[in-house]
Each structure stands twice: as C-alpha cells, then as structure tokens.
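Below is protein_1.cif, holding mmCIF, C-alpha atoms and all ligand atoms.
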data_final
#
loop_
_atom_site.label_atom_id
_atom_site.label_comp_id
_atom_site.auth_asym_id
_atom_site.auth_seq_id
_atom_site.Cartn_x
_atom_site.Cartn_y
_atom_site.Cartn_z
CA MET K 765 0.00 0.00 0.00
CA ARG K 766 1.31 3.45 -0.90
CA ASN K 767 2.07 5.96 1.85
CA HIS K 768 -0.79 8.43 1.60
CA ALA K 769 0.40 10.78 4.32
CA PRO K 770 2.06 13.31 1.98
CA PHE K 771 -1.26 14.01 0.25
CA ILE K 772 -3.13 15.00 3.40
CA GLY K 773 -3.52 18.76 3.66
CA MET K 774 -2.76 19.43 -0.01
CA HIS K 775 -5.12 21.61 -1.99
CA LYS K 776 -6.97 19.39 -4.48
CA THR K 777 -5.52 21.30 -7.41
CA GLU K 778 -2.02 20.27 -6.28
CA LEU K 779 -2.84 16.58 -6.79
CA ASP K 780 -1.33 14.82 -9.75
CA THR K 781 -3.91 13.65 -12.25
CA PRO K 782 -6.01 11.81 -13.17
CA ALA K 783 -7.31 11.63 -9.60
CA LEU K 784 -10.66 10.45 -8.27
CA LEU K 785 -12.10 12.97 -5.81
CA ILE K 786 -14.89 12.64 -3.26
CA ASP K 787 -16.58 15.77 -1.97
CA LEU K 788 -16.85 14.51 1.62
CA ASP K 789 -19.54 16.98 2.70
CA LYS K 790 -21.76 15.87 -0.17
CA MET K 791 -21.10 12.15 0.42
CA GLU K 792 -21.90 12.49 4.11
CA ALA K 793 -25.10 14.39 3.28
CA ASN K 794 -26.08 11.60 0.86
CA ILE K 795 -25.50 8.96 3.56
CA GLN K 796 -27.64 10.96 5.99
CA THR K 797 -30.45 11.70 3.53
CA MET K 798 -30.81 8.02 2.67
CA ALA K 799 -30.48 6.94 6.30
CA ASN K 800 -33.21 9.44 7.31
CA TYR K 801 -35.67 7.87 4.88
CA PHE K 802 -35.17 4.44 6.44
CA THR K 803 -35.18 5.62 10.04
CA ASN K 804 -38.92 5.68 10.54
CA ILE K 805 -40.03 2.78 8.37
CA SER K 806 -39.81 -0.95 8.93
CA VAL K 807 -37.79 -1.54 5.74
CA GLY K 808 -34.00 -1.67 6.18
CA LEU K 809 -31.30 -0.17 3.98
CA ARG K 810 -28.69 -2.64 2.75
CA PRO K 811 -26.46 -0.39 0.59
CA HIS K 812 -24.79 -1.86 -2.47
CA VAL K 813 -20.99 -1.92 -2.15
CA LYS K 814 -20.48 -2.26 -5.91
CA THR K 815 -20.62 1.54 -6.17
CA HIS K 816 -17.81 2.53 -3.78
CA LYS K 817 -16.05 -0.85 -3.27
CA THR K 818 -14.46 0.50 -0.11
CA PRO K 819 -14.86 -0.82 3.45
CA ILE K 820 -14.57 2.52 5.28
CA ILE K 821 -17.52 3.88 3.31
CA ALA K 822 -19.54 0.74 4.03
CA HIS K 823 -18.77 1.21 7.74
CA LYS K 824 -20.05 4.80 7.51
CA GLN K 825 -23.30 3.58 5.95
CA ILE K 826 -23.73 1.01 8.71
CA ALA K 827 -22.92 3.59 11.39
CA ALA K 828 -25.75 5.68 9.92
CA GLY K 829 -28.20 2.80 10.34
CA ALA K 830 -27.77 0.39 7.42
CA ILE K 831 -28.59 -3.23 8.38
CA GLY K 832 -25.67 -4.70 6.40
CA VAL K 833 -24.37 -4.44 2.86
CA THR K 834 -25.06 -5.84 -0.58
CA CYS K 835 -22.29 -7.06 -2.89
CA ALA K 836 -22.29 -8.10 -6.52
CA LYS K 837 -19.22 -10.32 -6.36
CA LEU K 838 -17.42 -12.62 -3.94
CA GLY K 839 -14.33 -10.41 -4.22
CA GLU K 840 -16.33 -7.45 -2.92
CA ALA K 841 -17.75 -9.56 -0.12
CA GLU K 842 -14.26 -10.74 0.85
CA ALA K 843 -13.01 -7.15 0.94
CA VAL K 844 -15.75 -5.92 3.28
CA ILE K 845 -15.78 -9.05 5.46
CA HIS K 846 -11.99 -8.83 5.92
CA ALA K 847 -12.61 -5.27 7.07
CA GLY K 848 -15.00 -6.41 9.80
CA ILE K 849 -18.45 -6.21 8.21
CA ARG K 850 -20.60 -9.18 9.17
CA ASP K 851 -24.00 -8.99 7.48
CA VAL K 852 -23.43 -9.38 3.74
CA LEU K 853 -25.79 -10.24 0.89
CA ILE K 854 -24.29 -11.31 -2.42
CA ALA K 855 -27.17 -10.29 -4.66
CA ASN K 856 -25.94 -12.44 -7.48
CA GLN K 857 -25.36 -16.05 -8.44
CA VAL K 858 -22.17 -17.65 -7.09
CA VAL K 859 -21.48 -20.52 -9.46
CA GLY K 860 -18.65 -23.03 -9.92
CA THR K 861 -16.64 -25.20 -7.53
CA GLN K 862 -13.98 -22.62 -6.71
CA LYS K 863 -16.44 -19.84 -6.09
CA VAL K 864 -18.73 -22.00 -3.97
CA ALA K 865 -15.69 -22.96 -1.85
CA ARG K 866 -14.89 -19.25 -1.31
CA LEU K 867 -18.52 -18.57 -0.40
CA ILE K 868 -18.51 -21.35 2.18
CA ASN K 869 -15.25 -20.09 3.68
CA LEU K 870 -16.81 -16.65 4.07
CA ALA K 871 -19.72 -18.23 5.91
CA LYS K 872 -17.21 -19.17 8.62
CA HIS K 873 -16.55 -15.48 9.26
CA ALA K 874 -19.76 -13.65 8.45
CA GLU K 875 -23.53 -13.82 8.17
CA ILE K 876 -23.35 -14.42 4.44
CA MET K 877 -26.50 -14.55 2.35
CA VAL K 878 -26.55 -15.35 -1.37
CA ALA K 879 -29.04 -15.30 -4.24
CA VAL K 880 -29.79 -18.45 -6.22
CA ASP K 881 -31.93 -19.16 -9.25
CA ASN K 882 -31.26 -22.79 -10.10
CA PRO K 883 -31.36 -26.17 -8.32
CA GLN K 884 -27.86 -27.31 -9.37
CA ASN K 885 -26.36 -24.28 -7.69
CA VAL K 886 -28.48 -24.93 -4.59
CA GLN K 887 -27.18 -28.48 -4.44
CA ALA K 888 -23.54 -27.39 -4.89
CA ILE K 889 -23.80 -24.82 -2.08
CA SER K 890 -25.58 -27.28 0.19
CA GLU K 891 -22.96 -30.01 -0.33
CA ALA K 892 -20.04 -27.65 0.24
CA ALA K 893 -21.70 -26.15 3.33
CA SER K 894 -22.35 -29.63 4.75
CA THR K 895 -18.73 -30.67 4.23
CA LYS K 896 -17.52 -27.55 5.99
CA GLY K 897 -20.15 -27.64 8.73
CA VAL K 898 -21.56 -24.17 8.10
CA SER K 899 -25.01 -22.86 7.33
CA VAL K 900 -25.60 -20.48 4.41
CA ARG K 901 -28.56 -18.10 4.18
CA ILE K 902 -30.30 -18.18 0.80
CA LEU K 903 -32.60 -15.85 -1.13
CA VAL K 904 -34.34 -17.03 -4.27
CA GLU K 905 -33.87 -14.48 -7.02
CA VAL K 906 -37.11 -13.81 -8.87
CA ASN K 907 -37.28 -12.23 -12.32
CA ILE K 908 -39.47 -9.17 -11.82
CA GLY K 909 -39.18 -7.87 -15.38
CA MET K 910 -35.55 -6.99 -15.89
CA ASN K 911 -35.10 -10.34 -17.63
CA ARG K 912 -31.59 -10.91 -16.27
CA CYS K 913 -31.23 -13.66 -13.66
CA GLY K 914 -34.10 -15.02 -11.59
CA VAL K 915 -36.80 -17.66 -11.67
CA GLU K 916 -40.34 -16.74 -12.62
CA PRO K 917 -42.83 -16.00 -9.84
CA GLY K 918 -45.37 -18.68 -8.90
CA GLN K 919 -44.62 -22.39 -9.19
CA PRO K 920 -40.93 -22.07 -10.30
CA THR K 921 -40.17 -19.89 -7.25
CA LEU K 922 -42.04 -22.25 -4.93
CA ALA K 923 -40.23 -25.30 -6.35
CA LEU K 924 -36.82 -23.73 -5.79
CA ALA K 925 -37.73 -22.55 -2.27
CA GLN K 926 -38.90 -26.07 -1.37
CA HIS K 927 -35.67 -27.51 -2.79
CA ILE K 928 -33.70 -25.15 -0.52
CA LEU K 929 -35.82 -26.06 2.51
CA GLN K 930 -35.00 -29.73 1.93
CA SER K 931 -31.27 -29.10 1.42
CA PRO K 932 -28.93 -29.64 4.38
CA ASN K 933 -27.02 -26.65 5.78
CA LEU K 934 -29.06 -24.07 3.86
CA LYS K 935 -31.46 -21.60 5.42
CA PHE K 936 -34.18 -20.30 3.11
CA GLU K 937 -34.62 -16.65 4.10
CA GLY K 938 -36.81 -15.24 1.37
CA LEU K 939 -36.88 -13.56 -2.02
CA MET K 940 -34.91 -11.02 -3.98
CA GLY K 941 -35.95 -9.16 -7.13
CA TYR K 942 -34.12 -6.27 -8.75
CA GLU K 943 -36.09 -3.82 -10.88
CA GLY K 944 -33.07 -2.70 -12.90
CA HIS K 945 -35.29 -1.86 -15.88
CA THR K 946 -37.09 0.88 -13.94
CA VAL K 947 -34.50 2.45 -11.58
CA SER K 948 -33.24 5.11 -13.95
CA LYS K 949 -36.43 6.11 -15.77
CA PRO K 950 -36.15 9.90 -15.51
CA ASP K 951 -39.89 10.60 -15.23
CA LEU K 952 -41.09 10.03 -11.67
CA ALA K 953 -44.67 9.03 -12.48
CA GLU K 954 -43.53 6.60 -15.16
CA ARG K 955 -40.88 5.15 -12.83
CA ASP K 956 -43.36 4.82 -10.00
CA THR K 957 -45.85 2.87 -12.14
CA ALA K 958 -43.24 0.59 -13.69
CA THR K 959 -41.59 -0.09 -10.32
CA ARG K 960 -44.82 -0.93 -8.52
CA GLU K 961 -45.73 -3.27 -11.38
CA ALA K 962 -42.33 -4.99 -11.11
CA VAL K 963 -42.27 -5.28 -7.33
CA GLN K 964 -45.81 -6.64 -7.40
CA ARG K 965 -44.35 -9.73 -9.09
CA LEU K 966 -42.13 -10.23 -6.05
CA VAL K 967 -45.05 -9.63 -3.69
CA ASP K 968 -47.18 -12.13 -5.64
CA ALA K 969 -44.36 -14.65 -5.39
CA LYS K 970 -44.23 -14.18 -1.62
CA HIS K 971 -47.98 -14.66 -1.26
CA TYR K 972 -47.86 -17.78 -3.43
CA LEU K 973 -45.15 -19.30 -1.24
CA GLU K 974 -47.01 -18.43 1.94
CA LYS K 975 -50.20 -19.97 0.55
CA HIS K 976 -48.17 -23.17 0.23
CA GLY K 977 -46.81 -22.98 3.77
CA VAL K 978 -43.39 -21.48 3.01
CA GLU K 979 -42.43 -18.58 5.25
CA VAL K 980 -40.74 -15.63 3.51
CA ALA K 981 -38.82 -13.57 6.05
CA ILE K 982 -36.76 -11.35 3.73
CA MET K 983 -37.90 -9.39 0.67
CA SER K 984 -34.93 -7.59 -0.89
CA GLY K 985 -34.73 -5.30 -3.94
CA GLY K 986 -34.59 -1.69 -5.06
CA GLY K 987 -31.96 0.78 -6.17
CA THR K 988 -31.21 4.48 -5.92
CA GLY K 989 -33.93 5.43 -8.38
CA THR K 990 -36.59 3.41 -6.58
CA PHE K 991 -35.54 3.50 -2.91
CA ASN K 992 -38.65 5.36 -1.79
CA ILE K 993 -41.00 3.54 -4.17
CA THR K 994 -39.86 -0.02 -3.47
CA GLY K 995 -39.18 1.04 0.12
CA SER K 996 -42.81 2.09 0.54
CA ILE K 997 -44.21 -1.31 -0.40
CA PRO K 998 -45.20 -2.97 2.89
CA GLU K 999 -44.08 -6.48 1.96
CA MET K 1000 -40.48 -5.35 1.31
CA THR K 1001 -37.98 -5.73 4.15
CA GLU K 1002 -34.80 -4.28 2.63
CA VAL K 1003 -33.56 -1.99 -0.16
CA GLN K 1004 -30.23 -2.38 -2.00
CA ALA K 1005 -29.51 1.18 -3.18
CA GLY K 1006 -25.87 1.87 -4.13
CA SER K 1007 -25.30 4.88 -6.40
CA TYR K 1008 -26.85 7.40 -3.99
CA ILE K 1009 -23.54 7.52 -2.13
CA PHE K 1010 -21.87 9.46 -4.98
CA MET K 1011 -24.51 9.97 -7.66
CA ASP K 1012 -23.49 10.82 -11.24
CA SER K 1013 -24.87 13.02 -13.98
CA THR K 1014 -27.19 10.25 -15.18
CA TYR K 1015 -28.88 9.69 -11.81
CA HIS K 1016 -28.83 13.46 -11.25
CA ASN K 1017 -31.35 13.75 -14.10
CA VAL K 1018 -33.72 11.23 -12.54
CA GLU K 1019 -36.69 13.15 -11.17
CA GLY K 1020 -37.10 12.87 -7.41
CA VAL K 1021 -33.56 11.54 -6.95
CA GLY K 1022 -31.35 14.26 -8.41
CA GLU K 1023 -33.02 16.80 -6.11
CA GLN K 1024 -32.22 14.81 -2.97
CA PHE K 1025 -28.65 13.61 -3.49
CA GLY K 1026 -25.60 15.62 -4.49
CA CYS K 1027 -22.93 14.63 -7.02
CA ALA K 1028 -20.00 13.82 -4.72
CA LEU K 1029 -17.62 12.19 -7.20
CA SER K 1030 -15.41 13.82 -9.82
CA VAL K 1031 -12.26 13.04 -11.74
CA LEU K 1032 -9.58 15.72 -11.59
CA ALA K 1033 -7.97 16.27 -14.99
CA THR K 1034 -5.06 18.32 -16.33
CA VAL K 1035 -5.18 20.20 -19.60
CA VAL K 1036 -2.35 18.69 -21.62
CA SER K 1037 -2.86 20.52 -24.88
CA ARG K 1038 -4.77 23.37 -26.49
CA PRO K 1039 -3.84 22.88 -30.12
CA GLN K 1040 -6.62 25.21 -31.30
CA PRO K 1041 -8.38 28.05 -29.45
CA ASN K 1042 -11.59 25.99 -29.50
CA ARG K 1043 -10.03 22.60 -28.66
CA ILE K 1044 -8.73 21.54 -25.27
CA VAL K 1045 -7.33 18.09 -24.53
CA VAL K 1046 -7.23 16.66 -20.99
CA ASP K 1047 -5.46 13.60 -19.54
CA THR K 1048 -8.68 11.77 -18.61
CA GLY K 1049 -9.63 9.17 -21.20
CA LEU K 1050 -11.43 5.86 -21.21
CA LYS K 1051 -9.00 4.36 -18.70
CA VAL K 1052 -10.28 6.66 -15.93
CA LEU K 1053 -13.79 7.58 -17.06
CA ALA K 1054 -16.57 5.18 -18.01
CA LYS K 1055 -18.80 6.32 -20.83
CA GLU K 1056 -21.48 3.65 -21.32
CA PHE K 1057 -24.07 6.17 -20.05
CA GLY K 1058 -22.70 9.00 -22.18
CA ILE K 1059 -19.60 11.19 -22.35
CA PRO K 1060 -18.81 12.75 -18.95
CA GLN K 1061 -18.70 16.54 -18.86
CA PRO K 1062 -16.47 19.11 -17.18
CA THR K 1063 -17.98 20.84 -14.19
CA GLY K 1064 -17.28 24.23 -12.67
CA VAL K 1065 -16.13 25.95 -15.88
CA ALA K 1066 -18.65 27.29 -18.39
CA GLY K 1067 -18.23 27.01 -22.14
CA LEU K 1068 -16.81 23.45 -22.31
CA GLU K 1069 -18.18 20.31 -23.91
CA MET K 1070 -16.32 17.01 -23.88
CA THR K 1071 -16.96 15.46 -27.27
CA GLY K 1072 -14.81 12.35 -27.27
CA LEU K 1073 -12.66 10.04 -25.20
CA SER K 1074 -9.80 7.90 -26.37
CA GLU K 1075 -7.70 5.74 -24.07
CA GLU K 1076 -5.76 8.52 -22.37
CA HIS K 1077 -7.25 11.69 -23.86
CA GLY K 1078 -10.45 13.62 -23.39
CA LYS K 1079 -11.28 16.01 -26.22
CA ILE K 1080 -13.14 19.16 -25.22
CA GLU K 1081 -14.72 21.80 -27.44
CA ALA K 1082 -14.18 25.16 -25.78
CA ASP K 1083 -15.53 28.65 -26.23
CA THR K 1084 -12.63 30.78 -27.30
CA ASN K 1085 -13.04 33.01 -24.23
CA VAL K 1086 -12.24 30.06 -21.90
CA THR K 1087 -8.79 30.80 -20.47
CA LEU K 1088 -7.59 27.24 -19.71
CA THR K 1089 -4.04 26.46 -20.88
CA PRO K 1090 -1.83 23.36 -20.57
CA GLY K 1091 -1.12 22.57 -16.91
CA ASP K 1092 -4.47 23.92 -15.67
CA LYS K 1093 -6.78 21.53 -13.86
CA LEU K 1094 -10.50 20.94 -14.06
CA GLU K 1095 -13.01 18.42 -12.73
CA ILE K 1096 -15.08 16.00 -14.78
CA LEU K 1097 -18.43 14.67 -13.55
CA PRO K 1098 -18.87 10.93 -14.28
CA THR K 1099 -21.96 9.71 -16.11
CA HIS K 1100 -21.75 6.37 -14.27
CA CYS K 1101 -20.17 6.38 -10.82
CA CYS K 1102 -19.94 2.59 -10.29
CA THR K 1103 -17.90 1.73 -13.37
CA THR K 1104 -15.77 4.89 -13.05
CA VAL K 1105 -14.75 4.01 -9.47
CA ASN K 1106 -13.63 0.58 -10.66
CA LEU K 1107 -11.01 2.26 -12.89
CA HIS K 1108 -9.16 3.87 -9.96
CA ASP K 1109 -6.86 2.70 -7.16
CA ARG K 1110 -7.82 5.29 -4.55
CA TYR K 1111 -10.04 8.19 -3.62
CA TYR K 1112 -8.91 11.57 -2.40
CA GLY K 1113 -11.48 12.78 0.12
CA ILE K 1114 -11.82 16.56 -0.18
CA ARG K 1115 -13.32 19.05 2.26
CA ASN K 1116 -13.21 22.80 1.59
CA GLY K 1117 -10.81 22.12 -1.27
CA ILE K 1118 -8.28 20.30 0.94
CA VAL K 1119 -7.35 16.59 0.93
CA GLU K 1120 -8.66 15.20 4.24
CA SER K 1121 -8.28 11.47 3.57
CA VAL K 1122 -6.97 9.02 1.00
CA TRP K 1123 -8.76 5.67 0.78
CA ASP K 1124 -7.66 2.66 -1.22
CA ILE K 1125 -10.48 1.18 -3.27
CA ALA K 1126 -10.06 -2.30 -1.81
CA ALA K 1127 -12.49 -4.10 -4.12
CA ARG K 1128 -11.44 -2.26 -7.27
CA GLY K 1129 -11.21 -4.86 -10.07
CA LYS K 1130 -12.52 -7.65 -7.85
CA ALA K 1131 -14.71 -9.09 -10.58
CA GLN K 1132 -14.23 -12.71 -9.50
C1 LIG J 1 -28.87 -6.53 -7.75
C2 LIG J 1 -28.77 -5.06 -7.66
N1 LIG J 1 -29.32 -4.44 -6.61
C3 LIG J 1 -29.30 -3.11 -6.47
C4 LIG J 1 -28.69 -2.30 -7.41
C5 LIG J 1 -28.80 -0.83 -7.14
O1 LIG J 1 -27.97 0.01 -7.66
P1 LIG J 1 -28.18 1.58 -7.84
O2 LIG J 1 -28.42 2.14 -6.49
O3 LIG J 1 -26.88 1.94 -8.39
O4 LIG J 1 -29.31 1.83 -8.74
C6 LIG J 1 -28.08 -2.90 -8.54
C7 LIG J 1 -27.42 -2.11 -9.59
O5 LIG J 1 -26.84 -2.55 -10.53
C8 LIG J 1 -28.13 -4.31 -8.65
O6 LIG J 1 -27.59 -4.95 -9.73
#

If you convert what's in this file into structure tokens, what do you get?
Amino acid sequence: MRNHAPFIGMHKTELDTPALLIDLDKMEANIQTMANYFTNISVGLRPHVKTHKTPIIAHKQIAAGAIGVTCAKLGEAEAVIHAGIRDVLIANQVVGTQKVARLINLAKHAEIMVAVDNPQNVQAISEAASTKGVSVRILVEVNIGMNRCGVEPGQPTLALAQHILQSPNLKFEGLMGYEGHTVSKPDLAERDTATREAVQRLVDAKHYLEKHGVEVAIMSGGGTGTFNITGSIPEMTEVQAGSYIFMDSTYHNVEGVGEQFGCALSVLATVVSRPQPNRIVVDTGLKVLAKEFGIPQPTGVAGLEMTGLSEEHGKIEADTNVTLTPGDKLEILPTHCCTTVNLHDRYYGIRNGIVESVWDIAARGKAQ
C-alpha cells in the first residue's frame, strides 16, 4: 500500500492527475439523507458496495443505520468481510466449484447470504456447506421484469424454495428481485408505475409461497432510483440502493432523486494541450472515465463540452473566451459512478478544497 500521508492537507488542485475525488460533505449528506428515509419505516437499507467498493464507506453507511451491505461479487464480499463487516448479501449467483468454496469459507466469518436461481447451484452450495459444517442463508432471485437472472414468480419460485428447505445446511430466508429496468427512468410518475408493477411480481411470489406454507422472512430489492418507491411497499424488508452515495450526472437527471442527493464524485484532470483556441485536450480518457451512459462533462467551468474520449485523452470543445491552458486543472463529472470508481486505485477525500483522507479502493477490479 502506498504511503498516503504526503497528500493529506494538499489543496486538491495540487494533486497529480487523473485523480478520483470525493466531496466529503456531499457524500456524508447523501449517507444521511438516505439513512433518514429508512429511520422511521420498517424496511432496512442494505447499501450496495459495488458503487464505492471501499470498506470505510460501508462502515459509515452502517454507522448511519444500514442493516448490512449488498455485494455483486465474492471479491467485494471478501473485501468488506476482511474489514470487519458481518451482514453481507451477495445479490448475485455464485457458481462453480472454486467460487462456492470461497462462499462457504466466508460463511465461517460472516452472516453471508446469497441469491440463487437454479437447483444445481443450490445443491452445490448445500454439499459444500455440509462438508464444511456451516449454514448459508439463501434468497431465491425472482425475475421481476428486468429479464436478467431469476426464476419466474409462482410455481418455479415455490419449487426452488422447497428444494432449498430440503437441502442440508441451507437456510431459506426469502426472495430477492431487482427492478433494474425501472431504476433510472427519468420521469417520476412513469418510474413509480413501472416499479410498482415490477415489485408486485415479487409480492405475488411471496404470497404464493405463503399460501403453500413457506415462510418468507426477507424481501430484498430496489436501487437508488426506486428506494422510496420499493421502500414504501409494505411487503419489502430491505432496499439495495448503491449509487446514492456518490450519484453521477445520469442519476442526477432522474426526477425525485437528483433533487435529494448531491454529485460527490469527480475526476480531476489536467489540460495537456490546447492545439486550437476551440479545442482543449485533458489527460482523462477511457482508462479513468466510463462512458457507457454518455460522455462525462467538465464541471465548474462554463463554455466546455467534452466530445470524445480515447484511451488517455479527453477532447473538449471550448468557447474561445475560456482561459484554460496546458497545466491547468479541471473536474469531470462521471456519467456512471460505479464503473468509473472501478477504474481507480484510490479516492482523495476533499473538504473545503483540501485533501482530508486518502482511501484505497479495496475491491477495485474484484470481478471474481
Ligand atoms: C442486484 C442489484 N441491486 C441493487 C442495485 C442498485 O444500484 P443503484 O443504487 O446503483 O441503482 C443494482 C445495480 O446494478 C443491482 O444490480
């Protein structure tokens, strides 16, 4: 690990670039705003670690009231469990002998819970858990319209739940459904309708199981765009929002979300060239900025439009009255915080323009 001490106390503009910055005041406000929503309702917040991939931030979310965390990958779960977090949901399928062995080892050290959507996987986890003498908590993932993973509601969900109930060393806890097809619909009314329709599939699945004598203790789902829609449905018990911690320009345009959470993440860039009065080139390309949700834009300086990214260059069209010259720095606002974070080794936490903390992104690149 690099010695971060020399960075503390620097002004952010003194940092070498590209550098990933967190506005700590905004991040803390985001944590609090989300925590406040969940304070007075019976649904719990289980924030998704895939956004920040960093144990200290997960600890802050838990300190503010979160019931545990959600992970997408075993590598993320390992990173947070090694840092002392105990209640972890892997909201994804963990498949294959090696991965199941890692899952079972984690169950020795944490309250691990995992999603499943097929009987072979259930059997593999059950056998490995029996051999190791541990119990693993299981959620059945239900397809609620995103058409990614998940069994269909009704009989297929019941059959898988019953299979889990009959499998040694597994504890059937309930159901999970992620409405990924609705979370970022910008129009609030449209998002509300589509989300309620999707979550109803999960609720129907719960009622079907209960009608057949299967108790469903946990109902997990939701994201940043739907936290207070999915969170308001009485049958839900937990919400897996992740992006709210930092936000990005895409979520900022989602009605009802952008107003509540501030954009806390930026990438500091240096102008490396101004070959024409109306063209500026910065050192932030595809290797530090994700662009699957659109080309990220500079923030804080008017008259700039980033028009293209190559591996190590960002091309910006500039009004000729913009005074930036090579060596000057500017901040770029990501269009997708989660995939941008995964491109960086560390965050510089900034307050009032000054570096207050440097945090390694422990689960960066942990795709296995
Ligand atoms: C399973 C699952 N849960 C929750 C989320 C919520 O994420 P966000 O808050 O970024 O919308 C995601 C996002 O990809 C997800 O895949």

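Residue nearest Ile821 in chain K, chosen from K:Lys1079, K:Glu937, K:Gly1006, K:Lys896 and counting all atoms listed in the file: K:Gly1006.
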
Ligand LIG 1 (chain J) neighbours within 9 Å using all atoms listed in the file, as number ranges by chain
K: 811-812, 814-815, 834-836, 854-856, 940-944, 947-948, 984-991, 1003-1009, 1011, 1015, 1100-1102

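Residues near the point (-8.5, 8.3, -20.7), at a distance of 9 Å or less over only C-alpha atoms, make up Pro782, Val1046, Asp1047, Thr1048, Gly1049, Leu1050, Lys1051, Val1052, Leu1053, Leu1073, Ser1074, Glu1075, Glu1076, His1077 and Gly1078 of chain K.
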
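Comparing the minimum interatomic distances between Leu924 in chain K and each of K:Pro770, K:Pro1041, K:Gly938, K:Pro1060, counting only C-alpha atoms, we find that K:Gly938 sits nearest.
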
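With all atoms listed in the file as the basis for measurement, K:Val1031 is the residue among K:Val1031, K:Val1036, K:Val813, K:Val1086 that approaches Ala1054 in chain K most closely.
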
Tell me which protein, DNA and RNA residues are within 12 Å of Lys975 in chain K, counting only C-alpha atoms, leaving out same-chain ones fewer than 5 positions away, and put them as a PyMOL selection string.
chain K and resi 918-919+922+968-970+980

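Contact shell of Ile831 in chain K at 8 Å (only C-alpha atoms; same-chain neighbours under 3 positions omitted): Gly808, Leu809, Arg810, Ile826 and Asp851 of chain K.
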
Spatial neighbours of Ser806 in chain K, 10 Å, all atoms listed in the file, chain gap at least 5 places, as a list in words
Gly995, Ser996, Pro998, Glu999, Met1000, Thr1001 and Glu1002 of chain K

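With distances restricted to only C-alpha atoms, K:Gly860 is the closest residue to Asn885 in chain K from K:Gly1072, K:Gly860, K:Gly1067, K:Pro819.
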
K:Leu929, K:Val906, K:Leu1029, K:Ile993 ranked by distance to Val967 in chain K, top pick (using only C-alpha atoms):
K:Val906

Please check which residues have atoms at most 10 Å from (-18.4, 22.8, -9.3) in the file's coordinates, counting only C-alpha atoms, and write them as a PyMOL selection string.
chain K and resi 1027+1030+1062-1065+1094-1097

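Atom pair CA of Ala1131 in chain K / CA of His816 in chain K has a distance of 13.8 Å (rounded to one decimal).
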
Excluding Ile876 in chain K and any residue of its chain fewer than 2 positions from it, enumerate the residues within 9 Å of it, using all atoms listed in the file, and give them as a PyMOL selection string.
chain K and resi 841+850-854+867-868+870-874+878+900-902
